[in-house]
Amino acid sequence: MKRILYFLSFSLILSFALPVGFISCEPEAKKAPKRVTNFTYQDFENVIQAVDKYYIDKAINKNRAFTDAAVFSVLSLPHPLYIFPESYFNEREKYEDKEDIFPGKSFKISPSDKFVLFDPDYTVVEKMQKEKLKKNENKKLSDEELKRLIEKEKLKKSVISAKWEEINFSKKEFDKVISYLRDNLDTYKTPVLKGLVELDGELPEEEQDEKKEFTMEQVFLAAANGYLNSLDPHSNVFLKEIWEESMAKINDGSFEGIGAILSGGGTREVIVENPLEGSPAVKAGVRSGDTILAVDGKLIKSLSLDKVVKRIKGKKGTKVVLTLKRKGVSGNLDIEVIRDKITIKNVTYHLLKENPQVGYIKLTGFVKAQGEEPVDSQIVKGLRALEEEAKNNNKELKALVLDLRNNSGGYLDLAIDIADMFIEKGLIVSTKVPNRSPDEAYARMKDITNLPLVVLINAKSASASEIVASAIQHHGRGILMGERTFGKATVQKLMDLPGNSDYVLKITNSRYYSPSGKTIQVVGVSPDIEVSEEPDGSFPFRYREEDMWNHLPKIPYDGVVKSKFNIDAIKEHAKKHGKADTFLKSHANDAIKPDYMLIRSLDYIEGMLHAK
């Protein structure tokens with residue numbers, strides 16, 4: 001089978017080491033020499049032709065596509081402009097908060113236009129944004145507030161889309177906008193909002209963006225991505241060297257940094273979610289729950305997470321000083337951390353300390369890291385090592401945990417091979433392209449084990465990991481525990497942009513379906529037993545496919561996934577004999593916080609082994 005890269009999204013690949021990855025662990029990869037590239041209007045038209053030929057939906061709304069192309073093109077300017085239907089612009093106060101309506105001047109390219117361009121007064125905008133940042137400093141939104149914000153934004157976009165439909169914005173109007181930008185580009189070349197979040201001096205030299213003259217190339221590229229964005233959130237076009245560098249980072253497998261997982265940034269505090277076991281951060285005394293206030297004496301207040309990452313990362317053997325706030329400790333702590341090389345593997349495994357008769361295998365991605373043997377071979381090797389270790393301890397394995405949390409995907413055929421390791425026979429997944437017979441993948445290999453199997457999933461389990469989880473659940477091979485997955489069931493084709501091989505086009509061309517015939521697009525894969533990964537046992541709001549604008553809709557499915565296990569009996573056994581709550585309370589203040597979902601799952605694993 002042809003190898004298809006099947007990630008949650010390209011943006012996730014680029015941010016692999018930020019919200020859910022290993023902070024300060026970006027590889028020190030050698031930068032590829034910059035190509036002399038050019039993206040022209042003809043390339044924009046080639047994108048349109050590729051959409052007509054390859055996109056999953058042959059009846060796209062072209063007016064909406066040209067509208068988004070125009071929106072993206074004016075926003076790409078160093079001095080961004082906005083474009084609105086005139087009818088919406090005149091009554092913005094109905095749909096937007098007062099603090100989000102900036103002063104500025106509006107104008108038309110031609111008097112007869114039914115749309116307006118808007119040039120904000122960026123001096124006032126900067127002041128308003130700083131006041132908003134200060135007002136929301138350290139404010140944590142509740143789940144309901146987050147949901148309301150997302151729904152409000154969706155409503156606003158829906159209203160704007162309807163207004164665009166009314167004025168019939170087409171390629172003719174798009175070309176008029178492009179002609180205006182070409183004729184007036186020099187007017188908008190001076191960047192604005194330089195110091196919006198830089199509240200404590202300049203960033204390190206290596207963090208500053210390279211100076212590059214803004215040309216129509218960037219406008220045409222932005223327009224192409226606007227056109228693709230109107231279709232779905234996973235189709236885009238980008239420089240091939242960006243793709244190559246991002247894949248090199250994933251395939252490298254080794255990083256230099258402090259080894260810790262962070263969250264927050266922007267208006268939220270930057271929190272150490274967890275330092276990695278044995279990492280420089282742990283050795284220096286950094287603890288789970290610490291709040292980072294400054295890096296090397298410079299405040300990070302209001303900086304985005306990626307900029308905090310860049311301040312912390314560095315070469316092996318160098319030091320970085322973190323100023324931390326710790327609950328229960330008066331005053332701030334200055335902790336010096338010596339950076340080191342940290343190796344991140346696709347597959348890790350060990351016997352669980354809490355129950356050494358349960359094997360644990362974590363799969364972080366369906367990719368092959370440089371210098372590593374194939375992932376499927378690593379899983380087999382890991383399982384055999386666990387069996388041998390248990391035997392040496394005069395024990396035997398009673399169950400196996402396959403951890404797919406935070407796994408955003410990878411190669412489709414690798415996902416099929418891994419599902420096949422646990423499924424004796426039957427359909428694993430089918431991929432359907434319009435007007436073609438579906439491609440179906442069936443189990444064909446001998447199973448690597450008959451041990452009772454538990455699969456851990458969460459909201460960041462996506463794409464290829466959802467294929468494995470849904471197949472295991474459908475065939476009753478194991479129990480899924482955790483929370484509903486992300487819900488991305490579309491496949492993207494990667495190809496050189498026709499006529500310009502310096503660019504890569506990623507375009508949605510098919511859907512995948514679980515063995516039941518259901519596509520999990522939007523709905524995701526639901527666990528057999530919900531298990532929280534939060535300290536308080538809650539299930540807070542998680543951002544998923546359904547929260548993305550222009551996602552492909554779900555396809556109605558009447559079937560019900562019924563577990564082949566006695567879930568009620570398992571829950572009852574866990575309730576009577578569970579030890580998780582006591583364990584978690586006694587380890588609440590550990591330097592490395594407990595894995596709440598895994599520890600809680602152990603009670604259900606015992607129930608799985610003993611319940612009838």
# chains A, B, ... in the order shown; residues from 1 in each chain; ligands from 1
>>> select_by_dssp(residues="segment 293-528 of chain A", states="helix (DSSP H, G or I)", output="MDAnalysis selection string")
chainID A and resid 305:312 375:392 412:420 464:474
>>> residues_around(residues="Lys593 of chain A", least_positions_apart="2", cutoff="10 Å", atoms="only C-alpha atoms", output="short mmCIF file (atom, residue, chain, number, x, y, z; two decimals) with N, CA and C atoms, in the first residue's frame")
data_model
loop_
_atom_site.label_atom_id
_atom_site.label_comp_id
_atom_site.auth_asym_id
_atom_site.auth_seq_id
_atom_site.Cartn_x
_atom_site.Cartn_y
_atom_site.Cartn_z
N GLU A 273 3.47 21.82 33.05
CA GLU A 273 2.53 20.71 33.20
C GLU A 273 3.23 19.51 33.83
N ASN A 274 4.40 19.20 33.32
CA ASN A 274 5.17 18.09 33.86
C ASN A 274 6.60 18.15 33.34
N PRO A 275 7.60 18.02 34.23
CA PRO A 275 8.96 17.78 33.77
C PRO A 275 9.10 16.29 33.46
N ARG A 287 9.27 21.59 39.23
CA ARG A 287 8.19 20.69 39.63
C ARG A 287 6.92 20.94 38.80
N SER A 288 6.13 19.90 38.71
CA SER A 288 4.82 20.05 38.08
C SER A 288 4.01 21.12 38.80
N GLY A 289 3.37 22.01 38.04
CA GLY A 289 2.55 23.07 38.63
C GLY A 289 3.27 24.38 38.81
N PRO A 535 -6.84 16.27 37.64
CA PRO A 535 -6.70 15.96 39.07
C PRO A 535 -8.04 15.81 39.79
N LEU A 584 -3.75 8.49 44.39
CA LEU A 584 -3.60 9.84 43.84
C LEU A 584 -3.51 10.90 44.93
N HIS A 587 -0.05 10.97 46.40
CA HIS A 587 1.01 11.42 45.49
C HIS A 587 0.69 12.78 44.86
N ALA A 588 -0.23 13.51 45.45
CA ALA A 588 -0.69 14.79 44.87
C ALA A 588 0.42 15.82 44.79
N ASN A 589 1.41 15.75 45.68
CA ASN A 589 2.45 16.78 45.73
C ASN A 589 3.79 16.29 45.17
N ASP A 590 3.78 15.23 44.39
CA ASP A 590 5.02 14.75 43.78
C ASP A 590 5.58 15.79 42.80
N ALA A 591 6.91 15.78 42.64
CA ALA A 591 7.55 16.70 41.68
C ALA A 591 7.04 16.45 40.27
N ASP A 595 0.07 10.26 36.55
CA ASP A 595 -0.71 10.13 35.33
C ASP A 595 -2.12 9.72 35.75
N TYR A 596 -2.97 10.72 35.93
CA TYR A 596 -4.29 10.50 36.52
C TYR A 596 -5.12 9.49 35.74
#
>>> residues_around(residues="Tyr442 of chain A", least_positions_apart="4", cutoff="6 Å", atoms="only C-alpha atoms", output="ChimeraX atom specification")
/A:426-428
>>> closest_atom_pairs(of="segment 42-144 of chain A", to="segment 220-237 of chain A", cutoff="10 Å", atoms="only C-alpha atoms", output="JSON lines")
{"residue": "A:Gln42", "atom": "CA", "partner": "A:Phe220", "partner_atom": "CA", "distance": 9.1}
{"residue": "A:Asp43", "atom": "CA", "partner": "A:Phe220", "partner_atom": "CA", "distance": 8.0}
{"residue": "A:Phe44", "atom": "CA", "partner": "A:Ala224", "partner_atom": "CA", "distance": 5.4}
{"residue": "A:Glu45", "atom": "CA", "partner": "A:Ala224", "partner_atom": "CA", "distance": 8.3}
{"residue": "A:Asn46", "atom": "CA", "partner": "A:Ala224", "partner_atom": "CA", "distance": 9.3}
{"residue": "A:Val47", "atom": "CA", "partner": "A:Ala224", "partner_atom": "CA", "distance": 6.7}
{"residue": "A:Ile48", "atom": "CA", "partner": "A:Tyr227", "partner_atom": "CA", "distance": 7.9}
{"residue": "A:Val51", "atom": "CA", "partner": "A:Leu228", "partner_atom": "CA", "distance": 8.1}
{"residue": "A:Tyr55", "atom": "CA", "partner": "A:Leu231", "partner_atom": "CA", "distance": 8.9}
{"residue": "A:Ile56", "atom": "CA", "partner": "A:Leu231", "partner_atom": "CA", "distance": 9.7}
{"residue": "A:Asp57", "atom": "CA", "partner": "A:Leu231", "partner_atom": "CA", "distance": 8.8}
{"residue": "A:Ile60", "atom": "CA", "partner": "A:Leu231", "partner_atom": "CA", "distance": 7.3}
{"residue": "A:Asn61", "atom": "CA", "partner": "A:Leu231", "partner_atom": "CA", "distance": 8.4}
{"residue": "A:Lys62", "atom": "CA", "partner": "A:Tyr227", "partner_atom": "CA", "distance": 8.6}
{"residue": "A:Asn63", "atom": "CA", "partner": "A:Tyr227", "partner_atom": "CA", "distance": 9.7}
{"residue": "A:Arg64", "atom": "CA", "partner": "A:Ser230", "partner_atom": "CA", "distance": 6.6}
{"residue": "A:Ala65", "atom": "CA", "partner": "A:Tyr227", "partner_atom": "CA", "distance": 4.6}
{"residue": "A:Phe66", "atom": "CA", "partner": "A:Tyr227", "partner_atom": "CA", "distance": 6.0}
{"residue": "A:Thr67", "atom": "CA", "partner": "A:Tyr227", "partner_atom": "CA", "distance": 7.8}
{"residue": "A:Asp68", "atom": "CA", "partner": "A:Gly226", "partner_atom": "CA", "distance": 4.8}
{"residue": "A:Ala69", "atom": "CA", "partner": "A:Gly226", "partner_atom": "CA", "distance": 4.1}
{"residue": "A:Ala70", "atom": "CA", "partner": "A:Ala223", "partner_atom": "CA", "distance": 6.1}
{"residue": "A:Val71", "atom": "CA", "partner": "A:Gly226", "partner_atom": "CA", "distance": 7.1}
{"residue": "A:Phe72", "atom": "CA", "partner": "A:Gly226", "partner_atom": "CA", "distance": 5.2}
{"residue": "A:Ser73", "atom": "CA", "partner": "A:Ala223", "partner_atom": "CA", "distance": 4.8}
{"residue": "A:Val74", "atom": "CA", "partner": "A:Ala222", "partner_atom": "CA", "distance": 8.6}
{"residue": "A:Leu75", "atom": "CA", "partner": "A:Ala222", "partner_atom": "CA", "distance": 8.4}
{"residue": "A:Ser76", "atom": "CA", "partner": "A:Ala222", "partner_atom": "CA", "distance": 6.3}
{"residue": "A:Leu77", "atom": "CA", "partner": "A:Ala222", "partner_atom": "CA", "distance": 9.5}
>>> atom_distance(atom1="atom CA of Glu173 of chain A", atom2="atom CA of Phe115 of chain A")
9.2 Å
>>> residues_around(residues="Val522 of chain A", least_positions_apart="3", cutoff="9 Å", atoms="only C-alpha atoms", output="list in words")
Phe486, Gly487, Lys488, Ala489, Thr519, Arg544, Glu545, Glu546, Asp547, His551, Leu552, Pro553, Lys554 and Ile555 of chain A
>>> closest_residue(among="A:Leu305, A:Ile599, A:Ala50, A:Ile300", to="Gly264 of chain A", atoms="only C-alpha atoms")
A:Leu305
>>> closest_residue(among="A:Leu451, A:Asn346, A:Gln521, A:Gly365", to="Leu383 of chain A", atoms="only C-alpha atoms")
A:Leu451
>>> select_by_dssp(residues="segment 365-544 of chain A", states="strand (DSSP E)", output="NGL selection string")
:A and (399-403 or 409-411 or 427-432 or 439-442 or 453-457 or 478-482 or 490-497 or 500-513 or 529-530)
>>> residues_around(residues="Val491 of chain A", least_positions_apart="4", cutoff="6 Å", atoms="only C-alpha atoms", output="list in words")
Thr508, Ser510 and Arg511 of chain A
>>> closest_residue(among="A:Met495, A:Ser170, A:Asp340, A:Asn450", to="Lys315 of chain A", atoms="only C-alpha atoms")
A:Asp340
>>> atom_distance(atom1="atom CA of Gly266 of chain A", atom2="atom CA of Lys460 of chain A")
21.1 Å
